[in-house]
Amino acid sequence: MTMIDVDRHFAERRERHLAELMDFLRIPSISALSAHREDVRRAAAWLAERLRRAGLEHVEVEETGGHPVVTADWLHAPGAPTVLIYGHYDVQPVDPESLWTTPPFEPQIRDGRLYARGASDDKGQTFMHVLAVEAWLQETGRLPVNVKFLVEGEEEVGSRNLDAFVARHRERLAADVVVVSDTPMLAPGRPAVCYGLRGIASMEVRVQGPASDLHSGLFGGSVLNPIQALVGLLASLHAPDGRVAVPGFYDDVRPLTPEEREAFARLPFDEEEYRRRLGVPELFGEPGYTTLERVWARPTLEFNGISGGFQGEGGKTIVPSWASAKISCRLVPDQDPQRILDALERHLRERAPRAVQFTVERGQGSPASVVPLDHPAVRAAARVLEETYGRPADFIRMGGSIPVVPTFRERLGAPVVLLGFGLPDENFHAPNEFFTLENFDLGVRALARYWAALAQSMAGRSD
């Protein structure tokens with residue numbers, strides 16, 4: 001297709017494409033909640049049918065032991081590179097629902113934004129890939145590259161069954177490059193190729209005290225309060241200046257190169273505007289690093305939730321029976337998730353008071369990932385972004401994690417191109433998630449152009 005073909009194709013079909021995306025968004029495919037198990041399966045079935053209508057072949061909804069994956073392919077471009085397109089159709093919970101302006105699964109367009117849970121993360125961006133492939137097949141009857149789709153339903157719960165699925169189907173999923181659209185641009189009008197993701201390691205800790213809640217007047221002072229014990233343990237994990245105080249936490253951290261620090265500094269990032277947008281009195285973090293360096297390339301330890309005691313209206317004078325906290329660490333290149341969890345658990349157990357019982361439940365863990373900037377697939381992505389948006393693409397890292405990216409690198413040996421079209425303020429995991437329609441329009445055009453650019457840039461490199 002020519003540039004004119006791309007623009008015409010999507011302009012003529014825009015309203016229908018948006019209506020279809022809204023149908024997809026109406027399905028409450030919340031993978032974390034068992035009450036929505038059938039909704040997750042319904043979203044998988046919807047996507048599979050849409051892939052068939054787009055012209056993809058061998059479309060399947062496949063079992064994983066948890067929520068299913070959707071696979072499809074089109075493999076009729078001999079000698080051309082093979083692309084594995086990854087996305088996810090599951091979404092985050094919507095709590096607190098009272099903060100949504102409109103219901104989270106009743107999509108609405110307001111001021112050039114499509115509001116709904118999953119609009120940006122990741123149903124909207126995954127659907128754009130379906131439309132880009134469909135455009136080629138409708139306009140020319142073929143694609144310039146071979147394409148495979150792998151869309152999962154468990155990304156928001158750590159992709160817990162995907163590693164095993166990829167390992168079992170390694171040959172079927174083999175590709176020269178993996179393309180993922182689940183990352184943000186730098187800012188409105190500034191397209192970006194993301195070349196780095198932080199990893200993740202998580203756990204939940206629980207402090208058990210008395211067998212049941214106790215009257216604080218009758219029993220207070222005779223037993224250790226589990227909340228007191230827990231907050232003391234949590235406080236020991238950080239120094240006052242924000243650095244993580246767990247011994248060994250920074251041992252394997254790969255430092256930023258001077259070139260990367262200079263590149264980050266050249267990006268148009270306004271820390272004061274960032275502070276105002278977040279609504280905090282001042283920014284805070286590890287000394288010696290800028291905000292972008294902290295969120296893209298330095299490790300963190302965060303408390304995600306804390307429970308215990310009476311949480312209702314009014315007062316209830318008790319010594320609670322238990323208290324718990326959820327902890328996650330964002331990791332950078334060369335940090336091993338299991339070594340970090342070992343160090344964290346060891347630190348906490350050494351300091352846990354004998355007057356309570358202390359237990360740990362480990363959660364997900366996946367390493368950080370960095371993509372070589374000089375790979376032809378990355379350079380092709382930058383070219384089509386510049387062509388589509390009319391300005392050079394930025395090369396950025398992202399502070400979040402996509403657990404399957406290291407899996408693709410290790411199991412398939414394929415580089416992963418992170419080509420996302422969200423914006424950092426689109427409330428991915430918060431109330432009022434939205435997708436900016438300008439980026440839906442431009443992004444789907446960029447993806448359609450990317451397949452031709454990729455075929456040209458990787459000529460002679462396919463397996």
# chains A, B, ... in the order shown; residues from 1 in each chain; ligands from 1
>>> residues_around(residues="A:Ala167", least_positions_apart="6", cutoff="12 Å", atoms="only C-alpha atoms", output="MDAnalysis selection string")
chainID A and resid 64 161 173:174 404 407:413
>>> write_last_selection(atoms="N, CA and C atoms", output="mmCIF file, in the first residue's frame")
data_model
loop_
_atom_site.group_PDB
_atom_site.id
_atom_site.type_symbol
_atom_site.label_atom_id
_atom_site.label_comp_id
_atom_site.auth_asym_id
_atom_site.auth_seq_id
_atom_site.Cartn_x
_atom_site.Cartn_y
_atom_site.Cartn_z
ATOM 1 N N THR A 64 -4.737 -22.644 28.716
ATOM 2 C CA THR A 64 -3.416 -22.487 29.329
ATOM 3 C C THR A 64 -3.338 -23.033 30.745
ATOM 4 N N ASN A 161 0.678 -18.111 33.186
ATOM 5 C CA ASN A 161 0.679 -19.348 32.406
ATOM 6 C C ASN A 161 1.331 -19.190 31.030
ATOM 7 N N LEU A 173 5.607 -20.518 17.464
ATOM 8 C CA LEU A 173 5.669 -19.081 17.711
ATOM 9 C C LEU A 173 6.960 -18.445 17.203
ATOM 10 N N ALA A 174 7.859 -19.233 16.637
ATOM 11 C CA ALA A 174 9.159 -18.710 16.195
ATOM 12 C C ALA A 174 8.985 -17.507 15.272
ATOM 13 N N VAL A 404 6.109 -10.853 29.812
ATOM 14 C CA VAL A 404 6.406 -11.795 28.732
ATOM 15 C C VAL A 404 7.582 -11.353 27.861
ATOM 16 N N THR A 407 10.543 -13.408 28.385
ATOM 17 C CA THR A 407 10.247 -14.755 27.904
ATOM 18 C C THR A 407 10.493 -14.861 26.409
ATOM 19 N N PHE A 408 10.034 -13.878 25.647
ATOM 20 C CA PHE A 408 10.258 -13.906 24.207
ATOM 21 C C PHE A 408 11.755 -13.875 23.885
ATOM 22 N N ARG A 409 12.478 -13.069 24.624
ATOM 23 C CA ARG A 409 13.921 -12.960 24.375
ATOM 24 C C ARG A 409 14.620 -14.281 24.667
ATOM 25 N N GLU A 410 14.226 -14.926 25.778
ATOM 26 C CA GLU A 410 14.918 -16.141 26.197
ATOM 27 C C GLU A 410 14.433 -17.369 25.442
ATOM 28 N N ARG A 411 13.117 -17.500 25.239
ATOM 29 C CA ARG A 411 12.563 -18.710 24.620
ATOM 30 C C ARG A 411 12.639 -18.678 23.097
ATOM 31 N N LEU A 412 12.417 -17.505 22.509
ATOM 32 C CA LEU A 412 12.361 -17.406 21.057
ATOM 33 C C LEU A 412 13.625 -16.814 20.449
ATOM 34 N N GLY A 413 14.444 -16.177 21.266
ATOM 35 C CA GLY A 413 15.655 -15.558 20.752
ATOM 36 C C GLY A 413 15.387 -14.403 19.814
#
>>> closest_atom_pairs(of="stretch 84-198 of chain A", to="stretch 430-436 of chain A", cutoff="6 Å", atoms="only C-alpha atoms", output="Markdown table")
| residue | atom | partner | partner_atom | distance |
| --- | --- | --- | --- | --- |
| A:Leu99 | CA | A:Pro431 | CA | 6.0 |
| A:Trp100 | CA | A:Asn432 | CA | 5.2 |
| A:Arg113 | CA | A:Thr436 | CA | 4.6 |
| A:Leu114 | CA | A:Phe435 | CA | 5.2 |
| A:Tyr115 | CA | A:Phe434 | CA | 4.1 |
| A:Ala116 | CA | A:Glu433 | CA | 5.7 |
| A:Arg117 | CA | A:Glu433 | CA | 5.6 |
| A:Ala119 | CA | A:Phe435 | CA | 5.4 |
| A:Ser120 | CA | A:Phe435 | CA | 4.8 |
>>> write_last_selection(atoms="C-alpha atoms", output="PDB file, in the first residue's frame")
ATOM      1  CA  LEU A  99     -14.423   7.771  40.958  1.00  0.00           C
ATOM      2  CA  TRP A 100     -15.337   6.974  37.348  1.00  0.00           C
ATOM      3  CA  ARG A 113     -10.786  10.664  24.136  1.00  0.00           C
ATOM      4  CA  LEU A 114     -12.332   7.204  24.345  1.00  0.00           C
ATOM      5  CA  TYR A 115     -13.066   6.428  28.004  1.00  0.00           C
ATOM      6  CA  ALA A 116     -13.361   2.819  29.225  1.00  0.00           C
ATOM      7  CA  ARG A 117     -11.345   0.271  31.161  1.00  0.00           C
ATOM      8  CA  ALA A 119      -9.177   1.536  26.156  1.00  0.00           C
ATOM      9  CA  SER A 120      -5.422   2.170  26.235  1.00  0.00           C
TER      10      SER A 120
END
>>> atom_distance(atom1="atom CA of A:Arg50", atom2="atom CA of A:Glu62")
15.8 Å
>>> residues_around(residues="A:Ala459", least_positions_apart="4", cutoff="8 Å", atoms="only C-alpha atoms", output="list in words")
Ala80, Pro81 and Ala455 of chain A
>>> write_last_selection(atoms="N, CA and C atoms", output="compact mmCIF listing (two decimals), in the first residue's frame")
# COMPACT_ATOMS: atom_id res chain seq x y z
N ALA A 80 10.28 -13.42 3.42
CA ALA A 80 10.10 -12.20 4.22
C ALA A 80 10.23 -12.53 5.70
N PRO A 81 10.54 -11.55 6.53
CA PRO A 81 10.63 -11.82 7.97
C PRO A 81 9.28 -12.20 8.56
N ALA A 455 9.74 -5.19 6.30
CA ALA A 455 10.14 -6.12 5.25
C ALA A 455 11.38 -5.62 4.52
>>> closest_residue(among="A:Thr183, A:Ser457, A:Thr140, A:Ser321", to="A:Ser401", atoms="only C-alpha atoms")
A:Thr183
>>> residues_around(residues="A:Met203", least_positions_apart="3", cutoff="12 Å", atoms="only C-alpha atoms", output="list in words")
Ile200, Arg206, Leu301, Glu302, Phe303, Asn304, Gly305, Ser324, Ala325, Lys326, Ile327, Ser328, Cys329, Pro337, Gln338, Ile340, Leu341, Asp342, Leu344, Glu345, Leu348, Thr359, Val360, Glu361, Arg362, Gly363, Gln364 and Gly365 of chain A
>>> write_last_selection(atoms="N, CA and C atoms", output="PDB file, in the first residue's frame")
ATOM      1  N   ILE A 200      10.120  -6.896  37.558  1.00  0.00           N
ATOM      2  CA  ILE A 200       9.278  -6.821  38.750  1.00  0.00           C
ATOM      3  C   ILE A 200       9.509  -8.043  39.632  1.00  0.00           C
ATOM      4  N   ARG A 206       2.688 -11.171  55.992  1.00  0.00           N
ATOM      5  CA  ARG A 206       1.588 -11.207  56.964  1.00  0.00           C
ATOM      6  C   ARG A 206       2.170 -11.383  58.366  1.00  0.00           C
ATOM      7  N   LEU A 301      11.360  -0.044  45.573  1.00  0.00           N
ATOM      8  CA  LEU A 301      10.593  -0.940  46.434  1.00  0.00           C
ATOM      9  C   LEU A 301       9.382  -0.163  46.913  1.00  0.00           C
ATOM     10  N   GLU A 302       8.190  -0.651  46.567  1.00  0.00           N
ATOM     11  CA  GLU A 302       6.964   0.083  46.863  1.00  0.00           C
ATOM     12  C   GLU A 302       6.005  -0.764  47.696  1.00  0.00           C
ATOM     13  N   PHE A 303       5.209  -0.089  48.532  1.00  0.00           N
ATOM     14  CA  PHE A 303       4.120  -0.730  49.263  1.00  0.00           C
ATOM     15  C   PHE A 303       2.838  -0.509  48.466  1.00  0.00           C
ATOM     16  N   ASN A 304       2.229  -1.586  48.025  1.00  0.00           N
ATOM     17  CA  ASN A 304       1.052  -1.487  47.167  1.00  0.00           C
ATOM     18  C   ASN A 304      -0.268  -1.522  47.924  1.00  0.00           C
ATOM     19  N   GLY A 305      -0.230  -2.030  49.147  1.00  0.00           N
ATOM     20  CA  GLY A 305      -1.449  -2.087  49.937  1.00  0.00           C
ATOM     21  C   GLY A 305      -1.135  -2.603  51.322  1.00  0.00           C
ATOM     22  N   SER A 324      -1.261  -7.213  57.209  1.00  0.00           N
ATOM     23  CA  SER A 324      -0.520  -7.686  56.028  1.00  0.00           C
ATOM     24  C   SER A 324      -0.206  -6.521  55.106  1.00  0.00           C
ATOM     25  N   ALA A 325       0.776  -6.728  54.242  1.00  0.00           N
ATOM     26  CA  ALA A 325       1.158  -5.704  53.264  1.00  0.00           C
ATOM     27  C   ALA A 325       1.581  -6.379  51.974  1.00  0.00           C
ATOM     28  N   LYS A 326       1.270  -5.708  50.864  1.00  0.00           N
ATOM     29  CA  LYS A 326       1.705  -6.148  49.536  1.00  0.00           C
ATOM     30  C   LYS A 326       2.867  -5.252  49.114  1.00  0.00           C
ATOM     31  N   ILE A 327       3.935  -5.883  48.627  1.00  0.00           N
ATOM     32  CA  ILE A 327       5.165  -5.188  48.277  1.00  0.00           C
ATOM     33  C   ILE A 327       5.555  -5.561  46.849  1.00  0.00           C
ATOM     34  N   SER A 328       5.992  -4.576  46.082  1.00  0.00           N
ATOM     35  CA  SER A 328       6.544  -4.883  44.760  1.00  0.00           C
ATOM     36  C   SER A 328       7.825  -4.093  44.554  1.00  0.00           C
ATOM     37  N   CYS A 329       8.761  -4.706  43.859  1.00  0.00           N
ATOM     38  CA  CYS A 329      10.018  -4.059  43.495  1.00  0.00           C
ATOM     39  C   CYS A 329      10.077  -3.955  41.975  1.00  0.00           C
ATOM     40  N   PRO A 337      15.177 -11.325  39.808  1.00  0.00           N
ATOM     41  CA  PRO A 337      13.999 -11.218  40.695  1.00  0.00           C
ATOM     42  C   PRO A 337      14.081 -12.131  41.913  1.00  0.00           C
ATOM     43  N   GLN A 338      14.535 -13.373  41.735  1.00  0.00           N
ATOM     44  CA  GLN A 338      14.570 -14.290  42.873  1.00  0.00           C
ATOM     45  C   GLN A 338      15.629 -13.879  43.889  1.00  0.00           C
ATOM     46  N   ILE A 340      16.491 -10.826  44.503  1.00  0.00           N
ATOM     47  CA  ILE A 340      15.917  -9.674  45.199  1.00  0.00           C
ATOM     48  C   ILE A 340      14.899 -10.125  46.233  1.00  0.00           C
ATOM     49  N   LEU A 341      14.034 -11.084  45.864  1.00  0.00           N
ATOM     50  CA  LEU A 341      13.054 -11.588  46.830  1.00  0.00           C
ATOM     51  C   LEU A 341      13.749 -12.302  47.988  1.00  0.00           C
ATOM     52  N   ASP A 342      14.825 -13.031  47.696  1.00  0.00           N
ATOM     53  CA  ASP A 342      15.593 -13.663  48.780  1.00  0.00           C
ATOM     54  C   ASP A 342      16.122 -12.618  49.750  1.00  0.00           C
ATOM     55  N   LEU A 344      15.065  -9.546  50.251  1.00  0.00           N
ATOM     56  CA  LEU A 344      13.974  -8.865  50.948  1.00  0.00           C
ATOM     57  C   LEU A 344      13.419  -9.751  52.062  1.00  0.00           C
ATOM     58  N   GLU A 345      13.180 -11.028  51.753  1.00  0.00           N
ATOM     59  CA  GLU A 345      12.646 -11.926  52.778  1.00  0.00           C
ATOM     60  C   GLU A 345      13.630 -12.094  53.928  1.00  0.00           C
ATOM     61  N   LEU A 348      13.547  -9.045  56.218  1.00  0.00           N
ATOM     62  CA  LEU A 348      12.355  -8.975  57.055  1.00  0.00           C
ATOM     63  C   LEU A 348      12.370 -10.040  58.151  1.00  0.00           C
ATOM     64  N   THR A 359       4.894 -14.490  58.083  1.00  0.00           N
ATOM     65  CA  THR A 359       4.883 -15.358  56.898  1.00  0.00           C
ATOM     66  C   THR A 359       5.000 -14.516  55.630  1.00  0.00           C
ATOM     67  N   VAL A 360       5.525 -15.165  54.587  1.00  0.00           N
ATOM     68  CA  VAL A 360       5.734 -14.507  53.295  1.00  0.00           C
ATOM     69  C   VAL A 360       5.128 -15.366  52.199  1.00  0.00           C
ATOM     70  N   GLU A 361       4.417 -14.723  51.284  1.00  0.00           N
ATOM     71  CA  GLU A 361       3.940 -15.391  50.082  1.00  0.00           C
ATOM     72  C   GLU A 361       4.523 -14.658  48.868  1.00  0.00           C
ATOM     73  N   ARG A 362       5.375 -15.348  48.125  1.00  0.00           N
ATOM     74  CA  ARG A 362       6.007 -14.715  46.974  1.00  0.00           C
ATOM     75  C   ARG A 362       5.044 -14.645  45.796  1.00  0.00           C
ATOM     76  N   GLY A 363       5.160 -13.565  45.034  1.00  0.00           N
ATOM     77  CA  GLY A 363       4.337 -13.378  43.853  1.00  0.00           C
ATOM     78  C   GLY A 363       5.159 -13.479  42.587  1.00  0.00           C
ATOM     79  N   GLN A 364       4.805 -12.664  41.608  1.00  0.00           N
ATOM     80  CA  GLN A 364       5.443 -12.741  40.299  1.00  0.00           C
ATOM     81  C   GLN A 364       6.858 -12.183  40.326  1.00  0.00           C
ATOM     82  N   GLY A 365       7.648 -12.638  39.359  1.00  0.00           N
ATOM     83  CA  GLY A 365       8.986 -12.100  39.184  1.00  0.00           C
ATOM     84  C   GLY A 365       9.413 -12.218  37.744  1.00  0.00           C
TER      85      GLY A 365
END
>>> select_by_dssp(residues="stretch 379-446 of chain A", states="strand (DSSP E)", output="CSV table (one decimal) with C-alpha atoms, in the first residue's frame")
chain,number,residue,atom,x,y,z
A,394,ASP,CA,12.1,9.7,20.8
A,395,PHE,CA,13.9,6.7,22.2
A,396,ILE,CA,12.7,6.2,25.8
A,397,ARG,CA,12.6,3.6,28.6
A,398,MET,CA,9.5,2.8,30.6
A,416,VAL,CA,11.2,-7.2,21.0
A,417,VAL,CA,10.1,-3.8,19.5
A,418,LEU,CA,8.0,-1.8,21.9
A,434,PHE,CA,-8.9,6.7,28.3
A,435,PHE,CA,-7.3,6.4,24.9
A,436,THR,CA,-6.5,9.6,22.9
>>> residues_around(residues="A:Val231", least_positions_apart="2", cutoff="10 Å", atoms="only C-alpha atoms", output="ChimeraX atom specification")
/A:226-229,233-236,306,323-325
>>> write_last_selection(atoms="C-alpha atoms", output="PDB file, in the first residue's frame")
ATOM      1  CA  PRO A 226       0.472  -6.859  64.672  1.00  0.00           C
ATOM      2  CA  ILE A 227       0.037  -3.493  62.959  1.00  0.00           C
ATOM      3  CA  GLN A 228       2.791  -2.014  65.107  1.00  0.00           C
ATOM      4  CA  ALA A 229       5.052  -4.947  64.231  1.00  0.00           C
ATOM      5  CA  LEU A 233       9.219  -3.939  59.496  1.00  0.00           C
ATOM      6  CA  LEU A 234       8.074  -1.882  56.528  1.00  0.00           C
ATOM      7  CA  ALA A 235       9.824   1.221  57.792  1.00  0.00           C
ATOM      8  CA  SER A 236      13.100  -0.693  57.939  1.00  0.00           C
ATOM      9  CA  ILE A 306      -1.728  -2.599  53.679  1.00  0.00           C
ATOM     10  CA  ALA A 323      -1.878  -7.267  59.554  1.00  0.00           C
ATOM     11  CA  SER A 324      -0.520  -7.686  56.028  1.00  0.00           C
ATOM     12  CA  ALA A 325       1.158  -5.704  53.264  1.00  0.00           C
TER      13      ALA A 325
END
>>> residues_around(residues="A:Lys148", least_positions_apart="2", cutoff="9 Å", atoms="only C-alpha atoms", output="PDB file with C-alpha atoms, in the first residue's frame")
ATOM      1  CA  LEU A  56      -6.085 -14.250   9.601  1.00  0.00           C
ATOM      2  CA  THR A  71      -3.497 -17.257  18.390  1.00  0.00           C
ATOM      3  CA  ALA A  72      -3.655 -16.663  14.638  1.00  0.00           C
ATOM      4  CA  ASP A  73      -1.324 -16.315  11.680  1.00  0.00           C
ATOM      5  CA  TRP A  74      -0.839 -15.412   8.025  1.00  0.00           C
ATOM      6  CA  LEU A  75       2.271 -17.053   6.577  1.00  0.00           C
ATOM      7  CA  THR A  82       8.140 -13.290  10.419  1.00  0.00           C
ATOM      8  CA  VAL A  83       6.601 -11.018  13.053  1.00  0.00           C
ATOM      9  CA  LEU A  84       4.987 -12.170  16.282  1.00  0.00           C
ATOM     10  CA  ILE A  85       2.441  -9.597  17.469  1.00  0.00           C
ATOM     11  CA  TYR A  86       1.782  -9.767  21.207  1.00  0.00           C
ATOM     12  CA  ASN A 146       4.577 -13.137   7.755  1.00  0.00           C
ATOM     13  CA  LEU A 150      -0.399 -14.201  20.443  1.00  0.00           C
ATOM     14  CA  LEU A 173       5.669 -19.081  17.711  1.00  0.00           C
ATOM     15  CA  ALA A 174       9.159 -18.710  16.195  1.00  0.00           C
ATOM     16  CA  ALA A 175       9.695 -15.242  14.719  1.00  0.00           C
TER      17      ALA A 175
END
>>> select_by_dssp(residues="stretch 215-391 of chain A", states="helix (DSSP H, G or I)", output="number ranges by chain")
A: 216-219, 226-235, 258-266, 271-278, 291-297, 337-351, 376-389
>>> residues_around(residues="A:Gln357", least_positions_apart="2", cutoff="8 Å", atoms="only C-alpha atoms", output="NGL selection string")
:A and (207-209 or 354-355 or 359)
>>> closest_residue(among="A:Ser369, A:Phe421, A:Arg110, A:Glu60", to="A:Asp441", atoms="only C-alpha atoms")
A:Phe421
